[in-house]
$ cat target.tsv   # TSV, C-alpha atoms
chain	number	residue	atom	x	y	z
D	1	PRO	CA	-28.26	-103.66	7.80
D	2	PRO	CA	-27.86	-99.96	7.10
D	3	SER	CA	-26.72	-99.13	3.63
D	4	PRO	CA	-23.11	-97.98	3.34
D	5	PRO	CA	-22.56	-94.22	2.89
D	6	PRO	CA	-22.14	-93.13	-0.68
D	7	PRO	CA	-18.57	-92.75	-1.80
D	8	PRO	CA	-17.28	-89.17	-1.72
D	9	ARG	CA	-17.44	-87.45	-5.03
D	10	ALA	CA	-14.15	-86.78	-6.64
D	11	MET	CA	-13.43	-83.10	-6.41
D	12	SER	CA	-11.23	-81.47	-8.93
D	13	ALA	CA	-8.41	-79.38	-7.50
D	14	PRO	CA	-9.00	-75.68	-7.96
D	15	VAL	CA	-6.83	-74.19	-10.64
D	16	ALA	CA	-4.89	-71.23	-9.36
D	17	THR	CA	-5.19	-68.37	-11.76
D	18	ALA	CA	-2.76	-65.53	-11.48
D	19	LYS	CA	-4.66	-62.30	-11.25
D	20	LYS	CA	-3.25	-59.78	-13.65
D	21	GLN	CA	-2.41	-56.53	-11.92
D	22	ALA	CA	-3.19	-53.24	-13.64
D	23	PRO	CA	0.03	-51.35	-14.51
D	24	TRP	CA	-1.29	-48.13	-12.96
D	25	LYS	CA	-1.28	-49.80	-9.54
D	26	GLY	CA	2.45	-50.40	-9.76
D	27	PHE	CA	2.95	-46.83	-10.93
D	28	VAL	CA	0.94	-45.35	-8.07
D	29	ALA	CA	2.45	-47.61	-5.40
D	30	GLY	CA	6.00	-47.03	-6.63
D	31	SER	CA	5.50	-43.27	-6.95
D	32	ALA	CA	3.94	-42.89	-3.50
D	33	GLY	CA	6.66	-44.88	-1.75
D	34	ALA	CA	9.46	-43.14	-3.63
D	35	MET	CA	8.05	-39.65	-3.02
D	36	LEU	CA	7.73	-40.31	0.71
D	37	SER	CA	11.28	-41.60	1.02
D	38	GLY	CA	12.55	-38.79	-1.22
D	39	ALA	CA	10.95	-36.14	0.98
D	40	VAL	CA	12.52	-37.63	4.11
D	41	THR	CA	16.03	-38.01	2.67
D	42	HIS	CA	16.08	-34.83	0.56
D	43	PRO	CA	18.28	-32.82	2.96
D	44	ILE	CA	20.90	-35.59	2.86
D	45	ASP	CA	20.74	-35.66	-0.92
D	46	LEU	CA	21.19	-31.88	-1.10
D	47	VAL	CA	24.21	-32.06	1.19
D	48	LYS	CA	25.64	-34.81	-1.01
D	49	VAL	CA	25.28	-32.64	-4.14
D	50	ARG	CA	26.89	-29.66	-2.40
D	51	MET	CA	29.81	-31.81	-1.31
D	52	GLN	CA	30.22	-33.18	-4.84
D	53	LEU	CA	30.33	-29.65	-6.23
D	54	TYR	CA	32.70	-28.33	-3.59
D	55	GLY	CA	35.42	-26.22	-5.17
D	56	ALA	CA	33.69	-25.92	-8.53
D	57	LYS	CA	31.55	-23.30	-10.22
D	58	ASP	CA	28.25	-24.65	-11.46
D	59	GLY	CA	29.75	-28.11	-11.28
D	60	PHE	CA	32.01	-27.74	-14.31
D	61	GLU	CA	34.71	-25.09	-13.91
D	62	ALA	CA	37.78	-25.86	-11.82
D	63	ALA	CA	38.10	-24.33	-8.42
D	64	ALA	CA	39.86	-21.01	-8.15
D	65	ALA	CA	42.26	-22.50	-5.65
D	66	ALA	CA	43.34	-25.12	-8.14
D	67	THR	CA	44.50	-22.46	-10.59
D	68	SER	CA	45.99	-20.11	-8.04
D	69	LYS	CA	49.73	-19.55	-7.71
D	70	ALA	CA	49.80	-21.52	-4.50
D	71	GLY	CA	48.57	-24.60	-6.35
D	72	PRO	CA	45.92	-27.16	-5.52
D	73	SER	CA	47.62	-28.18	-2.29
D	74	ALA	CA	46.77	-24.81	-0.78
D	75	ALA	CA	43.04	-25.38	-1.22
D	76	ALA	CA	41.12	-25.95	1.96
D	77	ALA	CA	39.96	-29.46	2.66
D	78	PRO	CA	36.32	-29.98	1.71
D	79	PRO	CA	33.93	-29.83	4.67
D	80	GLY	CA	32.29	-32.98	5.92
D	81	MET	CA	28.62	-33.87	5.73
D	82	PHE	CA	27.57	-32.19	8.98
D	83	ARG	CA	29.67	-29.10	8.30
D	84	THR	CA	28.18	-28.77	4.83
D	85	GLY	CA	24.66	-29.07	6.22
D	86	TYR	CA	25.43	-26.47	8.87
D	87	GLN	CA	26.73	-24.07	6.22
D	88	VAL	CA	23.55	-24.50	4.18
D	89	VAL	CA	21.39	-23.68	7.23
D	90	GLN	CA	23.66	-20.77	8.17
D	91	HIS	CA	23.56	-19.07	4.76
D	92	GLU	CA	20.18	-20.16	3.37
D	93	GLY	CA	18.10	-20.99	6.42
D	94	THR	CA	16.57	-24.31	7.43
D	95	LEU	CA	14.41	-24.38	4.32
D	96	GLY	CA	17.59	-24.27	2.27
D	97	LEU	CA	17.96	-27.98	3.03
D	98	TYR	CA	14.76	-28.52	1.05
D	99	ARG	CA	15.79	-26.52	-2.00
D	100	GLY	CA	14.68	-28.45	-5.07
D	101	LEU	CA	12.19	-30.63	-3.17
D	102	SER	CA	9.46	-30.18	-5.80
D	103	ALA	CA	11.81	-31.38	-8.53
D	104	SER	CA	12.89	-34.27	-6.33
D	105	LEU	CA	9.28	-35.39	-5.83
D	106	LEU	CA	8.69	-35.05	-9.57
D	107	ARG	CA	11.76	-37.14	-10.25
D	108	GLN	CA	10.70	-39.86	-7.83
D	109	ALA	CA	7.19	-39.99	-9.30
D	110	THR	CA	8.36	-40.15	-12.91
D	111	PHE	CA	11.43	-42.38	-12.52
D	112	ILE	CA	10.34	-44.89	-9.87
D	113	GLY	CA	6.65	-44.87	-10.80
D	114	THR	CA	7.40	-45.39	-14.49
D	115	LYS	CA	9.87	-48.15	-13.64
D	116	PHE	CA	7.31	-50.08	-11.59
D	117	GLY	CA	4.55	-49.62	-14.17
D	118	ALA	CA	6.81	-50.51	-17.10
D	119	TYR	CA	7.98	-53.65	-15.30
D	120	ASP	CA	4.41	-54.91	-14.97
D	121	LEU	CA	3.69	-54.11	-18.61
D	122	LEU	CA	6.83	-55.84	-19.85
D	123	LYS	CA	6.11	-58.93	-17.74
D	124	GLY	CA	2.63	-59.12	-19.21
D	125	ALA	CA	3.93	-58.78	-22.76
D	126	MET	CA	6.78	-61.27	-22.36
D	127	PRO	CA	6.05	-64.77	-23.80
D	128	LYS	CA	5.45	-67.20	-20.94
D	129	ASP	CA	7.27	-70.50	-20.41
D	130	GLU	CA	5.56	-73.88	-20.50
D	131	GLY	CA	4.56	-73.64	-16.84
D	132	GLY	CA	3.00	-70.23	-17.35
D	133	GLY	CA	5.79	-68.34	-15.58
D	134	LEU	CA	8.86	-66.43	-16.66
D	135	SER	CA	12.46	-67.61	-16.53
D	136	PHE	CA	15.16	-65.72	-14.68
D	137	LEU	CA	16.57	-64.34	-17.93
D	138	LYS	CA	13.16	-63.04	-19.01
D	139	MET	CA	12.56	-61.44	-15.62
D	140	THR	CA	16.00	-59.83	-15.84
D	141	ALA	CA	15.22	-58.51	-19.31
D	142	CYS	CA	11.98	-57.00	-18.00
D	143	GLY	CA	13.86	-55.35	-15.15
D	144	LEU	CA	16.53	-53.91	-17.43
D	145	GLY	CA	13.92	-52.62	-19.85
D	146	ALA	CA	11.86	-51.06	-17.08
D	147	GLY	CA	14.94	-49.40	-15.61
D	148	ALA	CA	15.92	-47.93	-18.97
D	149	ILE	CA	12.40	-46.59	-19.58
D	150	GLY	CA	12.23	-45.13	-16.08
D	151	ALA	CA	15.62	-43.45	-16.43
D	152	ALA	CA	14.65	-41.87	-19.76
D	153	VAL	CA	11.37	-40.55	-18.33
D	154	GLY	CA	12.86	-39.38	-15.03
D	155	ASN	CA	16.04	-37.73	-16.32
D	156	PRO	CA	14.50	-34.27	-17.00
D	157	ALA	CA	13.24	-34.02	-13.42
D	158	ASP	CA	16.61	-35.26	-12.16
D	159	LEU	CA	18.33	-32.46	-14.08
D	160	ALA	CA	15.97	-29.89	-12.56
D	161	MET	CA	16.53	-31.32	-9.07
D	162	VAL	CA	20.32	-31.15	-9.23
D	163	ARG	CA	20.27	-27.62	-10.64
D	164	MET	CA	17.96	-26.41	-7.91
D	165	GLN	CA	20.03	-28.10	-5.22
D	166	ALA	CA	23.24	-26.57	-6.55
D	167	ASP	CA	21.80	-23.09	-7.10
D	168	GLY	CA	22.74	-21.92	-3.61
D	169	ARG	CA	26.43	-22.29	-4.39
D	170	LEU	CA	26.33	-19.76	-7.21
D	171	PRO	CA	26.74	-15.99	-6.83
D	172	LEU	CA	23.41	-14.17	-6.61
D	173	GLU	CA	23.70	-12.79	-10.13
D	174	LEU	CA	24.26	-16.26	-11.61
D	175	ARG	CA	21.54	-18.17	-9.78
D	176	ARG	CA	18.73	-19.57	-11.88
D	177	ASN	CA	16.17	-19.15	-9.08
D	178	TYR	CA	13.75	-21.78	-10.34
D	179	LYS	CA	10.49	-21.50	-8.39
D	180	HIS	CA	9.64	-25.19	-8.66
D	181	GLY	CA	10.40	-28.27	-10.70
D	182	GLY	CA	7.78	-27.55	-13.35
D	183	GLU	CA	9.11	-24.06	-14.01
D	184	ALA	CA	12.65	-25.43	-14.14
D	185	LEU	CA	11.69	-27.87	-16.90
D	186	MET	CA	9.84	-25.18	-18.88
D	187	ARG	CA	12.74	-22.75	-18.65
D	188	VAL	CA	15.27	-25.38	-19.68
D	189	VAL	CA	13.21	-26.15	-22.77
D	190	ARG	CA	12.64	-22.47	-23.56
D	191	GLU	CA	16.20	-21.29	-22.93
D	192	GLU	CA	18.28	-24.32	-23.91
D	193	GLY	CA	16.08	-26.54	-26.06
D	194	VAL	CA	14.41	-29.88	-25.52
D	195	LEU	CA	17.62	-31.89	-25.90
D	196	ALA	CA	19.07	-30.12	-22.85
D	197	LEU	CA	16.74	-32.27	-20.75
$ encode --input "target.tsv" --output "C-alpha coordinates"
Amino acid sequence: PPSPPPPPRAMSAPVATAKKQAPWKGFVAGSAGAMLSGAVTHPIDLVKVRMQLYGAKDGFEAAAAATSKAGPSAAAAPPGMFRTGYQVVQHEGTLGLYRGLSASLLRQATFIGTKFGAYDLLKGAMPKDEGGGLSFLKMTACGLGAGAIGAAVGNPADLAMVRMQADGRLPLELRRNYKHGGEALMRVVREEGVLAL
(Lines of atoms letter the chains of each structure in order from A and count residues from 1; the text may use other names and numbers.)
(Lines give C-alpha, C1' and ligand atoms only; values in the text may rest on other atoms or scores of the structure.)
Protein backbone atom coordinates (compact mmCIF):
# COMPACT_ATOMS: atom_id res chain seq x y z
CA PRO A 1 0.00 0.00 0.00
CA PRO A 2 1.16 3.54 -0.64
CA SER A 3 2.79 5.22 2.28
CA PRO A 4 0.69 7.89 3.99
CA PRO A 5 1.59 11.52 3.22
CA PRO A 6 3.88 13.12 5.73
CA PRO A 7 2.13 15.19 8.35
CA PRO A 8 2.12 18.92 7.64
CA ARG A 9 4.82 20.80 9.41
CA ALA A 10 3.67 23.06 12.14
CA MET A 11 4.00 26.61 10.96
CA SER A 12 4.47 29.36 13.44
CA ALA A 13 2.09 32.27 13.08
CA PRO A 14 3.81 35.36 11.72
CA VAL A 15 4.37 37.98 14.35
CA ALA A 16 2.95 41.31 13.31
CA THR A 17 5.48 44.01 13.89
CA ALA A 18 4.31 47.58 13.91
CA LYS A 19 6.40 49.57 11.51
CA LYS A 20 7.60 52.73 13.13
CA GLN A 21 6.77 55.77 11.05
CA ALA A 22 9.32 58.55 10.71
CA PRO A 23 8.08 61.77 12.37
CA TRP A 24 8.90 63.84 9.29
CA LYS A 25 6.25 61.94 7.33
CA GLY A 26 3.54 63.09 9.72
CA PHE A 27 4.89 66.63 9.53
CA VAL A 28 4.90 66.68 5.73
CA ALA A 29 1.50 65.02 5.37
CA GLY A 30 -0.11 67.27 7.98
CA SER A 31 1.46 70.42 6.54
CA ALA A 32 0.48 69.62 2.95
CA GLY A 33 -3.13 68.86 3.83
CA ALA A 34 -3.47 71.88 6.10
CA MET A 35 -1.90 74.27 3.57
CA LEU A 36 -4.25 73.07 0.83
CA SER A 37 -7.34 73.47 2.98
CA GLY A 38 -6.06 76.81 4.30
CA ALA A 39 -5.61 78.16 0.78
CA VAL A 40 -9.15 77.15 -0.19
CA THR A 41 -10.85 78.55 2.92
CA HIS A 42 -8.67 81.66 3.35
CA PRO A 43 -11.25 84.12 1.95
CA ILE A 44 -13.81 82.85 4.47
CA ASP A 45 -11.30 83.19 7.28
CA LEU A 46 -10.49 86.76 6.23
CA VAL A 47 -14.18 87.66 6.18
CA LYS A 48 -14.52 86.13 9.64
CA VAL A 49 -11.68 88.29 11.00
CA ARG A 50 -13.14 91.43 9.43
CA MET A 51 -16.53 90.68 10.97
CA GLN A 52 -14.92 90.09 14.38
CA LEU A 53 -13.16 93.45 14.17
CA TYR A 54 -16.20 95.34 12.94
CA GLY A 55 -16.58 98.62 14.80
CA ALA A 56 -13.10 98.54 16.30
CA LYS A 57 -9.77 100.13 15.45
CA ASP A 58 -6.97 97.61 15.13
CA GLY A 59 -9.09 95.19 17.10
CA PHE A 60 -8.67 96.90 20.46
CA GLU A 61 -10.15 100.41 20.61
CA ALA A 62 -13.91 100.83 20.96
CA ALA A 63 -15.91 101.90 17.98
CA ALA A 64 -16.44 105.59 17.47
CA ALA A 65 -20.18 105.02 17.43
CA ALA A 66 -20.06 103.49 20.87
CA THR A 67 -18.61 106.67 22.34
CA SER A 68 -20.68 109.10 20.33
CA LYS A 69 -23.43 111.22 21.87
CA ALA A 70 -26.07 109.10 20.22
CA GLY A 71 -24.83 106.06 22.11
CA PRO A 72 -24.14 102.51 21.03
CA SER A 73 -27.71 101.94 19.88
CA ALA A 74 -27.16 104.37 17.01
CA ALA A 75 -24.36 102.26 15.57
CA ALA A 76 -25.17 100.50 12.35
CA ALA A 77 -25.73 96.78 12.51
CA PRO A 78 -22.65 94.82 11.48
CA PRO A 79 -22.79 93.52 7.91
CA GLY A 80 -23.26 89.84 7.27
CA MET A 81 -20.74 87.44 5.78
CA PHE A 82 -21.62 88.06 2.13
CA ARG A 83 -21.86 91.82 2.61
CA THR A 84 -18.47 91.88 4.32
CA GLY A 85 -16.92 89.88 1.49
CA TYR A 86 -18.47 92.19 -1.08
CA GLN A 87 -17.05 95.23 0.72
CA VAL A 88 -13.58 93.69 0.72
CA VAL A 89 -13.76 93.08 -3.04
CA GLN A 90 -15.22 96.55 -3.64
CA HIS A 91 -12.49 98.44 -1.75
CA GLU A 92 -9.48 96.14 -2.09
CA GLY A 93 -10.16 94.10 -5.20
CA THR A 94 -10.60 90.35 -5.54
CA LEU A 95 -7.07 89.72 -4.31
CA GLY A 96 -8.01 91.49 -1.10
CA LEU A 97 -9.76 88.27 -0.09
CA TYR A 98 -6.34 86.61 -0.09
CA ARG A 99 -4.59 89.23 2.01
CA GLY A 100 -2.34 87.40 4.47
CA LEU A 101 -2.36 84.13 2.51
CA SER A 102 1.42 83.65 2.87
CA ALA A 103 1.15 83.97 6.65
CA SER A 104 -1.81 81.61 6.65
CA LEU A 105 0.16 78.95 4.76
CA LEU A 106 3.08 79.46 7.15
CA ARG A 107 0.74 79.06 10.09
CA GLN A 108 -0.78 75.86 8.71
CA ALA A 109 2.64 74.38 7.99
CA THR A 110 4.08 75.21 11.42
CA PHE A 111 1.02 74.55 13.59
CA ILE A 112 -0.57 71.50 11.95
CA GLY A 113 2.68 69.99 10.67
CA THR A 114 4.37 70.33 14.06
CA LYS A 115 1.31 68.87 15.78
CA PHE A 116 1.32 65.77 13.58
CA GLY A 117 5.08 65.27 13.89
CA ALA A 118 5.09 65.86 17.64
CA TYR A 119 2.25 63.37 18.09
CA ASP A 120 4.26 60.62 16.40
CA LEU A 121 7.33 61.47 18.47
CA LEU A 122 5.40 61.48 21.74
CA LYS A 123 3.73 58.16 20.92
CA GLY A 124 7.13 56.62 20.24
CA ALA A 125 8.56 57.96 23.49
CA MET A 126 5.58 56.96 25.65
CA PRO A 127 6.09 53.71 27.66
CA LYS A 128 4.03 50.94 26.09
CA ASP A 129 1.50 48.75 27.90
CA GLU A 130 1.87 45.00 28.32
CA GLY A 131 0.30 44.31 24.93
CA GLY A 132 2.68 46.71 23.20
CA GLY A 133 0.05 49.40 22.65
CA LEU A 134 -0.96 52.60 24.39
CA SER A 135 -3.94 53.13 26.66
CA PHE A 136 -6.56 55.78 26.00
CA LEU A 137 -5.11 58.04 28.68
CA LYS A 138 -1.62 57.81 27.19
CA MET A 139 -2.93 58.54 23.71
CA THR A 140 -4.83 61.52 25.11
CA ALA A 141 -1.69 62.78 26.82
CA CYS A 142 0.21 62.52 23.52
CA GLY A 143 -2.53 64.46 21.75
CA LEU A 144 -2.60 67.20 24.37
CA GLY A 145 1.18 67.49 24.33
CA ALA A 146 1.30 67.61 20.54
CA GLY A 147 -1.41 70.27 20.45
CA ALA A 148 0.44 72.43 22.97
CA ILE A 149 3.72 72.13 21.04
CA GLY A 150 1.99 72.91 17.75
CA ALA A 151 0.24 75.95 19.20
CA ALA A 152 3.49 77.34 20.60
CA VAL A 153 5.29 76.87 17.27
CA GLY A 154 2.41 78.16 15.13
CA ASN A 155 1.40 81.20 17.19
CA PRO A 156 3.87 83.67 15.59
CA ALA A 157 2.55 82.88 12.11
CA ASP A 158 -1.01 83.12 13.42
CA LEU A 159 -0.26 86.60 14.74
CA ALA A 160 1.15 87.64 11.37
CA MET A 161 -1.88 86.18 9.56
CA VAL A 162 -4.46 88.05 11.65
CA ARG A 163 -2.56 91.33 11.37
CA MET A 164 -2.32 91.03 7.60
CA GLN A 165 -5.99 90.11 7.31
CA ALA A 166 -7.04 93.07 9.46
CA ASP A 167 -4.71 95.58 7.80
CA GLY A 168 -7.30 96.59 5.22
CA ARG A 169 -9.56 98.01 7.92
CA LEU A 170 -6.99 100.56 9.05
CA PRO A 171 -6.52 104.04 7.56
CA LEU A 172 -3.78 104.15 4.94
CA GLU A 173 -1.36 105.95 7.24
CA LEU A 174 -1.75 103.30 9.96
CA ARG A 175 -1.48 100.17 7.84
CA ARG A 176 1.51 97.94 8.45
CA ASN A 177 1.67 96.82 4.80
CA TYR A 178 3.50 93.58 5.45
CA LYS A 179 4.67 92.12 2.13
CA HIS A 180 4.46 88.51 3.26
CA GLY A 181 4.39 86.38 6.37
CA GLY A 182 8.17 86.18 6.70
CA GLU A 183 8.58 89.95 6.60
CA ALA A 184 5.75 90.32 9.11
CA LEU A 185 7.56 88.08 11.60
CA MET A 186 10.88 89.89 11.11
CA ARG A 187 9.30 93.31 11.56
CA VAL A 188 7.43 92.23 14.68
CA VAL A 189 10.69 91.02 16.21
CA ARG A 190 12.59 94.13 15.12
CA GLU A 191 9.95 96.68 16.11
CA GLU A 192 8.27 95.04 19.10
CA GLY A 193 10.63 92.37 20.38
CA VAL A 194 10.59 88.59 20.34
CA LEU A 195 7.98 88.29 23.09
CA ALA A 196 5.46 90.12 20.90
CA LEU A 197 5.21 86.90 18.87
$ residues_around --input "target.tsv" --residues "Arg187 (chain D)" --least-positions-apart "3" --cutoff "12 Å" --atoms "all atoms listed in the file" --output "PyMOL selection string"
chain D and resi 156+160+176-184+190-194+196-197
$ atom_distance --input "target.tsv" --atom1 "CA of Phe27 (chain D)" --atom2 "CA of Thr110 (chain D)"
8.8 Å
$ atom_distance --input "target.tsv" --atom1 "CA of Gly100 (chain D)" --atom2 "CA of Gly154 (chain D)"
14.9 Å
$ residues_around --input "target.tsv" --residues "region 80-85 of chain D" --least-positions-apart "4" --cutoff "8 Å" --atoms "all atoms listed in the file" --output "PyMOL selection string"
chain D and resi 47-48+50-51+89+97
$ atom_distance --input "target.tsv" --atom1 "CA of Gly30 (chain D)" --atom2 "CA of Gly113 (chain D)"
4.7 Å
$ axis_aligned_box --input "target.tsv" --around "region 46-53 of chain D" --padding-each-side "8 Å" --output "lines of an AutoDock Vina configuration file"
center_x = 25.8
center_y = -32.2
center_z = -2.5
size_x = 25.1
size_y = 21.2
size_z = 23.4
$ residues_around --input "target.tsv" --residues "Ala22 (chain D)" --least-positions-apart "6" --cutoff "9 Å" --atoms "all atoms listed in the file" --output "list in words"
Gly117, Asp120 and Leu121 of chain D
$ residues_around --input "target.tsv" --residues "Leu95 (chain D)" --least-positions-apart "2" --cutoff "12 Å" --atoms "all atoms listed in the file" --output "list in words"
His42, Pro43, Leu46, Gly85, Val88, Val89, Gln90, His91, Glu92, Gly93, Leu97, Tyr98, Arg99, Gly100, Leu101, Gln165 and Gly168 of chain D
$ closest_residue --input "target.tsv" --among "D:Ala29, D:Glu173, D:Ala157, D:Met164" --to "Leu106 (chain D)" --atoms "all atoms listed in the file"
D:Ala157
$ closest_residue --input "target.tsv" --among "D:Leu105, D:Ala152, D:Leu159, D:Met126" --to "Thr140 (chain D)" --atoms "all atoms listed in the file"
D:Met126
